[in-house]
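The next block is model18.pdb, given as PDB, C-alpha atoms.
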```
ATOM      1  CA  MET M   1      71.746  91.358 -43.028
ATOM      2  CA  LEU M   2      71.877  87.585 -43.620
ATOM      3  CA  HIS M   3      68.635  85.666 -43.123
ATOM      4  CA  THR M   4      68.581  81.886 -42.866
ATOM      5  CA  VAL M   5      65.561  79.584 -43.256
ATOM      6  CA  ASN M   6      65.830  75.910 -42.313
ATOM      7  CA  LYS M   7      62.191  74.731 -42.530
ATOM      8  CA  SER M   8      60.221  73.491 -45.500
ATOM      9  CA  PRO M   9      57.813  76.218 -46.665
ATOM     10  CA  PHE M  10      55.101  73.564 -46.898
ATOM     11  CA  GLU M  11      55.384  72.810 -43.210
ATOM     12  CA  LYS M  12      56.034  76.223 -41.665
ATOM     13  CA  ASN M  13      55.567  79.775 -42.859
ATOM     14  CA  SER M  14      59.153  80.778 -41.966
ATOM     15  CA  LEU M  15      60.136  81.381 -45.589
ATOM     16  CA  GLU M  16      57.081  83.499 -46.337
ATOM     17  CA  THR M  17      57.579  85.582 -43.205
ATOM     18  CA  CYS M  18      61.292  85.933 -43.908
ATOM     19  CA  LEU M  19      60.666  87.136 -47.447
ATOM     20  CA  ARG M  20      57.912  89.506 -46.315
ATOM     21  CA  LEU M  21      60.127  91.072 -43.644
ATOM     22  CA  SER M  22      63.648  91.032 -45.040
ATOM     23  CA  GLY M  23      64.923  94.458 -46.076
ATOM     24  CA  LYS M  24      66.184  95.490 -49.476
ATOM     25  CA  ASP M  25      69.596  94.030 -50.408
ATOM     26  CA  SER M  26      69.450  91.422 -47.667
ATOM     27  CA  SER M  27      70.826  87.957 -48.288
ATOM     28  CA  VAL M  28      68.544  84.970 -47.740
ATOM     29  CA  LEU M  29      70.180  81.565 -47.324
ATOM     30  CA  LEU M  30      68.082  78.383 -47.476
ATOM     31  CA  ILE M  31      69.499  75.435 -45.525
ATOM     32  CA  GLU M  32      68.327  71.961 -44.396
ATOM     33  CA  ASP M  33      64.610  71.497 -45.253
ATOM     34  CA  GLY M  34      64.560  75.181 -46.196
ATOM     35  CA  VAL M  35      66.089  74.288 -49.578
ATOM     36  CA  TYR M  36      62.683  73.057 -50.777
ATOM     37  CA  GLY M  37      61.693  76.718 -50.967
ATOM     38  CA  ALA M  38      64.085  77.191 -53.906
ATOM     39  CA  LEU M  39      62.366  74.566 -56.083
ATOM     40  CA  LYS M  40      60.691  75.655 -59.264
ATOM     41  CA  GLY M  41      57.152  74.578 -59.976
ATOM     42  CA  THR M  42      55.975  74.808 -56.379
ATOM     43  CA  LYS M  43      53.129  76.909 -55.067
ATOM     44  CA  PHE M  44      55.740  79.270 -53.559
ATOM     45  CA  GLU M  45      57.571  79.931 -56.828
ATOM     46  CA  ALA M  46      55.824  83.251 -57.527
ATOM     47  CA  THR M  47      56.544  84.619 -54.047
ATOM     48  CA  VAL M  48      60.201  83.630 -54.249
ATOM     49  CA  LYS M  49      60.636  85.081 -57.746
ATOM     50  CA  GLU M  50      59.079  88.346 -56.616
ATOM     51  CA  SER M  51      61.497  88.535 -53.684
ATOM     52  CA  LEU M  52      64.475  87.991 -55.952
ATOM     53  CA  ASN M  53      63.914  91.559 -57.190
ATOM     54  CA  THR M  54      64.969  92.902 -53.809
ATOM     55  CA  VAL M  55      67.036  90.250 -52.035
ATOM     56  CA  LYS M  56      69.857  87.898 -53.029
ATOM     57  CA  MET M  57      69.049  84.233 -52.432
ATOM     58  CA  TYR M  58      71.354  81.290 -51.806
ATOM     59  CA  VAL M  59      70.899  77.565 -51.116
ATOM     60  CA  LEU M  60      73.394  75.333 -49.361
ATOM     61  CA  GLY M  61      74.671  72.784 -51.897
ATOM     62  CA  PRO M  62      75.246  69.854 -49.519
ATOM     63  CA  ASP M  63      71.632  70.097 -48.257
ATOM     64  CA  LEU M  64      70.373  70.280 -51.843
ATOM     65  CA  MET M  65      72.365  67.211 -52.865
ATOM     66  CA  ALA M  66      71.182  65.232 -49.851
ATOM     67  CA  ARG M  67      67.607  65.749 -51.042
ATOM     68  CA  GLY M  68      68.257  64.608 -54.609
ATOM     69  CA  LEU M  69      68.047  68.129 -56.037
ATOM     70  CA  ASP M  70      70.430  70.160 -58.198
ATOM     71  CA  LYS M  71      70.576  73.432 -60.078
ATOM     72  CA  ASN M  72      68.095  72.157 -62.672
ATOM     73  CA  SER M  73      65.497  71.861 -59.916
ATOM     74  CA  LEU M  74      65.892  75.482 -58.845
ATOM     75  CA  ILE M  75      64.336  78.811 -59.682
ATOM     76  CA  ASN M  76      66.796  80.908 -61.750
ATOM     77  CA  ASN M  77      69.104  83.374 -59.988
ATOM     78  CA  ILE M  78      69.305  81.433 -56.751
ATOM     79  CA  GLU M  79      72.961  80.718 -56.119
ATOM     80  CA  ILE M  80      74.218  77.346 -54.839
ATOM     81  CA  ILE M  81      76.973  77.730 -52.246
ATOM     82  CA  ASP M  82      79.152  75.398 -50.150
ATOM     83  CA  TYR M  83      80.070  75.420 -46.449
ATOM     84  CA  GLN M  84      83.009  77.803 -46.980
ATOM     85  CA  ASP M  85      80.767  80.306 -48.755
ATOM     86  CA  PHE M  86      78.338  79.998 -45.838
ATOM     87  CA  VAL M  87      81.092  81.002 -43.445
ATOM     88  CA  LYS M  88      82.078  83.878 -45.728
ATOM     89  CA  LEU M  89      78.481  85.134 -45.837
ATOM     90  CA  ALA M  90      78.243  84.926 -42.059
ATOM     91  CA  VAL M  91      81.423  86.981 -41.693
ATOM     92  CA  GLU M  92      80.465  89.568 -44.315
ATOM     93  CA  ASN M  93      77.117  90.302 -42.720
ATOM     94  CA  GLU M  94      77.027  92.228 -39.520
ATOM     95  CA  ARG M  95      73.935  90.443 -38.274
ATOM     96  CA  ILE M  96      72.327  87.077 -38.898
ATOM     97  CA  GLN M  97      68.619  86.476 -38.488
ATOM     98  CA  ASN M  98      67.623  82.802 -38.217
ATOM     99  CA  TRP M  99      63.948  82.211 -39.091
ATOM    100  CA  LEU M 100      63.428  78.974 -37.210
TER     101      LEU M 100
ATOM    102  CA  MET P   1      45.226  41.724 -29.015
ATOM    103  CA  GLU P   2      47.556  38.901 -28.056
ATOM    104  CA  GLU P   3      44.952  36.299 -28.862
ATOM    105  CA  GLU P   4      44.396  37.806 -32.254
ATOM    106  CA  ALA P   5      48.100  37.754 -33.019
ATOM    107  CA  GLN P   6      48.296  34.114 -32.037
ATOM    108  CA  SER P   7      45.343  33.110 -34.143
ATOM    109  CA  GLY P   8      47.018  34.825 -37.085
ATOM    110  CA  VAL P   9      44.551  37.623 -37.743
ATOM    111  CA  ILE P  10      45.923  39.854 -40.466
ATOM    112  CA  LYS P  11      45.144  43.529 -40.145
ATOM    113  CA  LYS P  12      45.407  46.340 -42.614
ATOM    114  CA  PHE P  13      48.262  48.557 -41.481
ATOM    115  CA  LEU P  14      48.832  51.998 -42.953
ATOM    116  CA  TYR P  15      51.978  54.019 -42.310
ATOM    117  CA  ILE P  16      51.406  57.682 -43.148
ATOM    118  CA  ASN P  17      54.556  59.657 -44.015
ATOM    119  CA  ARG P  18      54.204  63.430 -44.092
ATOM    120  CA  ARG P  19      57.736  64.690 -43.328
ATOM    121  CA  ALA P  20      60.675  65.640 -45.532
ATOM    122  CA  PRO P  21      63.523  63.123 -45.278
ATOM    123  CA  HIS P  22      66.604  64.705 -43.672
ATOM    124  CA  GLY P  23      65.618  67.718 -41.558
ATOM    125  CA  THR P  24      64.046  65.582 -38.852
ATOM    126  CA  ILE P  25      64.357  61.941 -37.815
ATOM    127  CA  TYR P  26      60.683  61.053 -38.518
ATOM    128  CA  ALA P  27      61.155  59.610 -41.995
ATOM    129  CA  HIS P  28      64.092  57.419 -41.011
ATOM    130  CA  GLU P  29      62.299  56.189 -37.884
ATOM    131  CA  ALA P  30      59.165  55.363 -39.867
ATOM    132  CA  LEU P  31      61.164  53.207 -42.236
ATOM    133  CA  GLU P  32      62.787  51.331 -39.338
ATOM    134  CA  VAL P  33      59.368  50.667 -37.820
ATOM    135  CA  VAL P  34      58.042  49.389 -41.139
ATOM    136  CA  LEU P  35      60.996  47.015 -41.542
ATOM    137  CA  ILE P  36      60.681  45.689 -38.016
ATOM    138  CA  GLY P  37      56.905  45.414 -38.377
ATOM    139  CA  ALA P  38      57.335  43.448 -41.596
ATOM    140  CA  ALA P  39      58.332  40.415 -39.525
ATOM    141  CA  PHE P  40      54.731  40.167 -38.257
ATOM    142  CA  GLU P  41      53.326  39.492 -41.710
ATOM    143  CA  GLN P  42      50.509  41.983 -41.681
ATOM    144  CA  ASP P  43      48.864  43.663 -44.663
ATOM    145  CA  VAL P  44      51.069  46.741 -44.904
ATOM    146  CA  SER P  45      50.595  49.883 -46.977
ATOM    147  CA  MET P  46      52.652  53.059 -46.916
ATOM    148  CA  ALA P  47      51.224  56.440 -47.847
ATOM    149  CA  PHE P  48      53.329  59.445 -48.785
ATOM    150  CA  LEU P  49      51.722  62.849 -48.664
ATOM    151  CA  ASP P  50      52.625  66.475 -48.008
ATOM    152  CA  ASP P  51      56.433  66.786 -47.604
ATOM    153  CA  GLY P  52      56.567  62.992 -47.241
ATOM    154  CA  VAL P  53      56.711  62.753 -51.043
ATOM    155  CA  PHE P  54      60.224  64.261 -50.881
ATOM    156  CA  GLN P  55      61.384  61.052 -49.155
ATOM    157  CA  LEU P  56      61.046  59.205 -52.446
ATOM    158  CA  LYS P  57      62.981  61.709 -54.600
ATOM    159  CA  LYS P  58      65.638  59.858 -56.565
ATOM    160  CA  ASP P  59      69.399  60.584 -56.522
ATOM    161  CA  GLN P  60      69.596  61.668 -52.882
ATOM    162  CA  ASN P  61      73.227  61.831 -51.751
ATOM    163  CA  THR P  62      73.977  62.612 -48.117
ATOM    164  CA  ASP P  63      77.796  62.327 -48.303
ATOM    165  CA  GLN P  64      78.268  66.023 -47.606
ATOM    166  CA  ILE P  65      75.858  66.278 -44.680
ATOM    167  CA  SER P  66      77.413  63.260 -42.940
ATOM    168  CA  THR P  67      74.215  61.343 -42.312
ATOM    169  CA  LYS P  68      73.229  57.896 -43.456
ATOM    170  CA  ASN P  69      71.372  57.895 -46.766
ATOM    171  CA  PHE P  70      68.471  55.813 -45.490
ATOM    172  CA  THR P  71      66.429  56.650 -48.599
ATOM    173  CA  LYS P  72      68.321  53.860 -50.396
ATOM    174  CA  THR P  73      66.430  51.470 -48.144
ATOM    175  CA  PHE P  74      63.125  52.207 -49.888
ATOM    176  CA  SER P  75      64.383  49.946 -52.693
ATOM    177  CA  ALA P  76      64.655  47.048 -50.223
ATOM    178  CA  LEU P  77      61.016  47.246 -49.070
ATOM    179  CA  GLU P  78      59.891  44.842 -51.767
ATOM    180  CA  MET P  79      62.122  42.116 -50.281
ATOM    181  CA  TYR P  80      60.369  42.693 -46.957
ATOM    182  CA  ASP P  81      57.056  42.141 -48.763
ATOM    183  CA  VAL P  82      56.095  45.772 -48.352
ATOM    184  CA  GLU P  83      54.872  46.390 -51.861
ATOM    185  CA  LYS P  84      52.008  48.822 -51.544
ATOM    186  CA  LEU P  85      53.370  52.366 -51.690
ATOM    187  CA  TYR P  86      50.880  55.145 -52.380
ATOM    188  CA  VAL P  87      51.716  58.752 -53.222
ATOM    189  CA  GLU P  88      49.136  61.516 -53.246
ATOM    190  CA  LYS P  89      49.098  63.281 -56.620
ATOM    191  CA  GLU P  90      48.050  66.625 -55.158
ATOM    192  CA  SER P  91      51.122  66.628 -52.872
ATOM    193  CA  LEU P  92      53.411  65.971 -55.837
ATOM    194  CA  ASP P  93      51.798  68.697 -57.949
ATOM    195  CA  GLU P  94      52.084  71.320 -55.220
ATOM    196  CA  ARG P  95      55.824  70.617 -55.055
ATOM    197  CA  GLY P  96      56.590  70.524 -58.761
ATOM    198  CA  ILE P  97      57.600  66.843 -58.501
ATOM    199  CA  SER P  98      56.574  64.288 -61.113
ATOM    200  CA  ALA P  99      56.390  60.492 -61.143
ATOM    201  CA  ASP P 100      59.703  60.408 -63.053
ATOM    202  CA  ASP P 101      61.441  62.087 -60.120
ATOM    203  CA  LEU P 102      60.720  59.171 -57.775
ATOM    204  CA  ALA P 103      63.240  56.441 -56.937
ATOM    205  CA  VAL P 104      60.858  53.507 -56.452
ATOM    206  CA  ASP P 105      57.718  52.064 -57.996
ATOM    207  CA  VAL P 106      54.684  53.622 -56.396
ATOM    208  CA  LYS P 107      51.019  54.006 -57.126
ATOM    209  CA  ILE P 108      50.057  57.638 -57.556
ATOM    210  CA  ILE P 109      46.546  58.255 -56.303
ATOM    211  CA  SER P 110      44.198  61.210 -55.914
ATOM    212  CA  SER P 111      43.160  62.786 -52.623
ATOM    213  CA  ASP P 112      39.821  61.001 -52.920
ATOM    214  CA  GLU P 113      41.544  57.642 -53.276
ATOM    215  CA  MET P 114      43.844  58.509 -50.360
ATOM    216  CA  LYS P 115      40.772  59.296 -48.284
ATOM    217  CA  GLN P 116      39.395  55.849 -49.115
ATOM    218  CA  LEU P 117      42.711  54.172 -48.260
ATOM    219  CA  ILE P 118      42.741  55.823 -44.843
ATOM    220  CA  THR P 119      39.088  54.964 -44.243
ATOM    221  CA  ASP P 120      39.709  51.301 -45.095
ATOM    222  CA  SER P 121      42.767  50.915 -42.847
ATOM    223  CA  GLU P 122      42.492  49.232 -39.452
ATOM    224  CA  VAL P 123      45.738  50.378 -37.836
ATOM    225  CA  ILE P 124      47.231  53.745 -38.788
ATOM    226  CA  LEU P 125      50.662  54.944 -37.719
ATOM    227  CA  ASN P 126      51.671  58.540 -38.329
ATOM    228  CA  PHE P 127      55.147  59.901 -38.941
TER     229      PHE P 127
ATOM    230  CA  MET R   1      85.385  46.280 -25.051
ATOM    231  CA  PRO R   2      87.148  47.314 -28.262
ATOM    232  CA  ILE R   3      88.669  44.596 -30.429
ATOM    233  CA  GLU R   4      92.331  44.579 -31.475
ATOM    234  CA  VAL R   5      92.949  44.217 -35.202
ATOM    235  CA  ASN R   6      96.395  44.668 -36.720
ATOM    236  CA  GLY R   7      97.531  46.921 -33.933
ATOM    237  CA  LYS R   8      94.408  49.070 -34.102
ATOM    238  CA  SER R   9      91.776  49.189 -31.415
ATOM    239  CA  LEU R  10      88.282  49.162 -32.964
ATOM    240  CA  GLU R  11      85.173  50.174 -31.092
ATOM    241  CA  VAL R  12      82.283  47.693 -30.935
ATOM    242  CA  ASP R  13      78.838  47.833 -29.308
ATOM    243  CA  GLU R  14      77.732  45.713 -26.349
ATOM    244  CA  GLU R  15      76.843  42.829 -28.664
ATOM    245  CA  GLY R  16      80.151  42.892 -30.515
ATOM    246  CA  TYR R  17      79.067  44.699 -33.692
ATOM    247  CA  LEU R  18      81.515  47.239 -35.120
ATOM    248  CA  SER R  19      80.539  50.790 -34.174
ATOM    249  CA  ASN R  20      81.995  52.235 -37.339
ATOM    250  CA  LEU R  21      81.373  50.453 -40.632
ATOM    251  CA  ASN R  22      84.491  52.050 -42.131
ATOM    252  CA  ASP R  23      86.725  50.340 -39.580
ATOM    253  CA  TRP R  24      86.125  47.019 -41.302
ATOM    254  CA  GLU R  25      88.841  45.026 -42.969
ATOM    255  CA  LYS R  26      89.103  41.324 -43.764
ATOM    256  CA  ASP R  27      91.018  40.607 -40.573
ATOM    257  CA  VAL R  28      88.087  41.961 -38.530
ATOM    258  CA  ALA R  29      85.968  39.091 -39.826
ATOM    259  CA  GLU R  30      88.787  36.580 -39.250
ATOM    260  CA  ILE R  31      89.298  37.677 -35.654
ATOM    261  CA  MET R  32      85.569  37.770 -34.815
ATOM    262  CA  ALA R  33      85.118  34.338 -36.390
ATOM    263  CA  LYS R  34      87.992  32.848 -34.431
ATOM    264  CA  GLU R  35      86.385  34.099 -31.231
ATOM    265  CA  ASP R  36      83.178  32.283 -32.221
ATOM    266  CA  GLY R  37      85.163  29.149 -33.075
ATOM    267  CA  ILE R  38      84.708  29.378 -36.837
ATOM    268  CA  ASP R  39      87.351  29.021 -39.522
ATOM    269  CA  LEU R  40      86.279  31.222 -42.403
ATOM    270  CA  GLY R  41      86.302  29.428 -45.756
ATOM    271  CA  GLU R  42      85.312  30.454 -49.248
ATOM    272  CA  ASP R  43      81.627  29.781 -48.566
ATOM    273  CA  HIS R  44      81.632  32.053 -45.530
ATOM    274  CA  TRP R  45      83.328  34.800 -47.483
ATOM    275  CA  GLU R  46      80.792  34.544 -50.263
ATOM    276  CA  ILE R  47      78.029  35.405 -47.781
ATOM    277  CA  ILE R  48      80.060  38.076 -45.980
ATOM    278  CA  ASN R  49      80.862  39.808 -49.256
ATOM    279  CA  PHE R  50      77.252  39.485 -50.331
ATOM    280  CA  LEU R  51      76.149  41.206 -47.121
ATOM    281  CA  ARG R  52      78.603  44.053 -47.580
ATOM    282  CA  GLU R  53      77.321  44.636 -51.111
ATOM    283  CA  TYR R  54      73.741  44.448 -49.875
ATOM    284  CA  TYR R  55      74.449  47.065 -47.231
ATOM    285  CA  GLU R  56      76.186  49.335 -49.723
ATOM    286  CA  GLU R  57      73.136  49.203 -51.970
ATOM    287  CA  TYR R  58      70.298  49.377 -49.423
ATOM    288  CA  GLN R  59      71.920  50.815 -46.275
ATOM    289  CA  ILE R  60      70.491  48.070 -44.056
ATOM    290  CA  ALA R  61      71.561  44.732 -42.682
ATOM    291  CA  PRO R  62      68.806  42.373 -43.886
ATOM    292  CA  ALA R  63      66.644  40.311 -41.555
ATOM    293  CA  VAL R  64      67.415  36.605 -41.840
ATOM    294  CA  ARG R  65      64.407  35.685 -43.983
ATOM    295  CA  VAL R  66      65.214  38.535 -46.349
ATOM    296  CA  LEU R  67      68.857  37.495 -46.474
ATOM    297  CA  THR R  68      67.868  33.915 -47.283
ATOM    298  CA  LYS R  69      65.627  35.070 -50.109
ATOM    299  CA  ALA R  70      68.217  37.487 -51.494
ATOM    300  CA  VAL R  71      71.010  34.888 -51.356
ATOM    301  CA  GLY R  72      68.753  32.463 -53.212
ATOM    302  CA  LYS R  73      68.199  35.005 -55.937
ATOM    303  CA  LYS R  74      71.863  35.875 -56.330
ATOM    304  CA  LEU R  75      73.730  32.648 -55.543
ATOM    305  CA  GLY R  76      71.171  29.954 -56.258
ATOM    306  CA  LYS R  77      68.605  27.886 -54.378
ATOM    307  CA  GLU R  78      71.100  25.466 -52.839
ATOM    308  CA  LYS R  79      72.558  28.412 -50.912
ATOM    309  CA  GLY R  80      69.392  30.427 -50.357
ATOM    310  CA  ASN R  81      68.010  28.238 -47.581
ATOM    311  CA  SER R  82      68.297  28.329 -43.802
ATOM    312  CA  LYS R  83      69.975  24.942 -43.503
ATOM    313  CA  TYR R  84      72.929  25.977 -45.659
ATOM    314  CA  LEU R  85      73.254  29.386 -44.002
ATOM    315  CA  TYR R  86      72.911  28.074 -40.427
ATOM    316  CA  GLU R  87      75.620  25.492 -41.093
ATOM    317  CA  LEU R  88      77.973  28.301 -42.054
ATOM    318  CA  PHE R  89      76.866  30.652 -39.286
ATOM    319  CA  PRO R  90      75.462  28.611 -36.401
ATOM    320  CA  TYR R  91      74.572  31.657 -34.264
ATOM    321  CA  GLY R  92      72.244  32.821 -37.001
ATOM    322  CA  PRO R  93      73.172  33.914 -40.523
ATOM    323  CA  GLY R  94      71.597  37.314 -40.009
ATOM    324  CA  LYS R  95      73.226  38.154 -36.706
ATOM    325  CA  GLN R  96      76.558  36.399 -36.967
ATOM    326  CA  ALA R  97      77.375  36.992 -40.636
ATOM    327  CA  CYS R  98      76.392  40.656 -40.319
ATOM    328  CA  LYS R  99      78.722  40.968 -37.361
ATOM    329  CA  PHE R 100      81.643  39.453 -39.273
ATOM    330  CA  ALA R 101      80.836  41.752 -42.214
ATOM    331  CA  GLY R 102      81.107  44.800 -39.973
ATOM    332  CA  LEU R 103      77.421  45.678 -40.342
ATOM    333  CA  PRO R 104      75.023  46.647 -37.570
ATOM    334  CA  LYS R 105      72.621  44.070 -36.162
ATOM    335  CA  PRO R 106      69.944  43.328 -38.770
ATOM    336  CA  THR R 107      66.885  45.566 -38.898
ATOM    337  CA  GLY R 108      63.769  43.572 -38.193
ATOM    338  CA  CYS R 109      65.644  40.909 -36.276
ATOM    339  CA  VAL R 110      63.425  40.141 -33.302
TER     340      VAL R 110
END
```
The structure given in the file should be rewritten as structure tokens.
Amino acid sequence: MLHTVNKSPFEKNSLETCLRLSGKDSSVLLIEDGVYGALKGTKFEATVKESLNTVKMYVLGPDLMARGLDKNSLINNIEIIDYQDFVKLAVENERIQNWL
Amino acid sequence: MEEEAQSGVIKKFLYINRRAPHGTIYAHEALEVVLIGAAFEQDVSMAFLDDGVFQLKKDQNTDQISTKNFTKTFSALEMYDVEKLYVEKESLDERGISADDLAVDVKIISSDEMKQLITDSEVILNF
Amino acid sequence: MPIEVNGKSLEVDEEGYLSNLNDWEKDVAEIMAKEDGIDLGEDHWEIINFLREYYEEYQIAPAVRVLTKAVGKKLGKEKGNSKYLYELFPYGPGKQACKFAGLPKPTGCV
């Protein structure tokens, strides 16, 4: 299953809930203000790193760039993808769960 | 209110910015209000806390999300005589952001100092 | 009412400002100026180009007092004053020059 999160983890608990409830081998894609959840050095870093043992995480590159961030800002093993990859992920996964 | 404006009373305005820049319209709207308000020659301060500190991150590039990169406008504030920008240190720390990551000159202050700033302000606008 | 420039029809808002910044070309300024009864000379172009650079850098059309100050800094005191700028753009250097430059109406213009 593909999970998307579009809210900053500092403003809403969508990311935390998503990571708590997403099954093994799910994909989690961070978009819009959700990309802040992929930053290293935040108070959510430990939670995100822990989740990376069971889920694959992605961030949407254009949203990252808009916020002045790049791969150096991110926790390791989170993959940066573009719009085409987003579409591919959406097609590959049978269901999509949007944590609004 | 009108009388005060006419007699040129200057009030301490504080704009509090607590939202990330692009996911919602708050940050952009706040900046527009500040620029329009600048014409009234009041004593203006801007405070950035919580996700608001992300507004000041340097190197933002919105080309690929097809929105206007209004964060470039922060560099024009000085010309509008809006020179007092305060950033809460605790908000930066929580987000792994340092002073070097910011695009404009700001004063980084502690929560205690932020508390004082808010207490001393006469008109507070929240975004 | 869109304006016609070199065979293209460009959308403008109710006050005559270009709706899309990227539609701008030099002839847009020439045509708008003609409508306002102004013949654009070198001095006009200096300000129009200055405004376009300003917008590129800061993403806003400056209010007139900010424009005056910024022009003074860049092009010298004899140009950074309202008298000089109003002579070039009688309907207001902020409003009129921004319009010719293809920018939106200045922020903070009340």
Expand the PyMOL selection byres ((chain P) within 8 of (chain M)) into the explicit residue set it covers here, and present it as JSON, numbers by chain.
{"P": [20, 21, 22, 23, 50, 51, 54, 57, 58, 59, 60, 61, 62, 63, 64, 65, 69, 93, 94, 95, 96, 97]}
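Residues captured in this structure file are R:Val64, R:Arg65, R:Thr68, R:Lys79, R:Gly80, R:Asn81, R:Lys83, R:Tyr84, R:Leu85, R:Tyr86, R:Glu87, R:Pro93, according to the PyMOL selection byres ((chain R and resi 82) around 9).
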Within 9 Å of chain R, which residues of chain P show up when using all atoms listed in the file, listed as a VMD selection string?
chain P and resid 32 to 39 68 to 76 79 to 80
Given the file above and the PyMOL selection byres ((chain P and resi 11-14) around 12), which residues are selected, and can you give them as a PyMOL selection string?
chain P and resi 1+4-5+8-10+15-17+30+33-34+37-38+40-48+82+84-86+114+116-127
Close residues, segment 28-31 of chain R itself excluded, 7 Å, all atoms listed in the file, min 6 positions apart in chain, as a list in words
Val5, Leu40, Phe100 and Ala101 of chain R
Select, from R:Gly76, R:Tyr17, R:His44, R:Glu53, the residue with the minimum atom-to-atom distance to Met32 of chain R, counting all atoms listed in the file.
R:Tyr17
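You will find atom CA of Val104 of chain P at 24.4 Å from atom CA of Leu103 of chain R.
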Record the distance separating atom CA of Ala38 of chain M and atom CA of Arg95 of chain M, expressed in Å with one decimal.
22.7 Å
For Ile96 of chain M, work out the shell of residues within 6 Å, counting all atoms listed in the file and skipping chain neighbours fewer than 2 positions away, then give it as a PyMOL selection string.
chain M and resi 1-3
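Counting from atom CA of Ala61 of chain R, the distance to atom CA of Lys95 of chain R is 9.0 Å.
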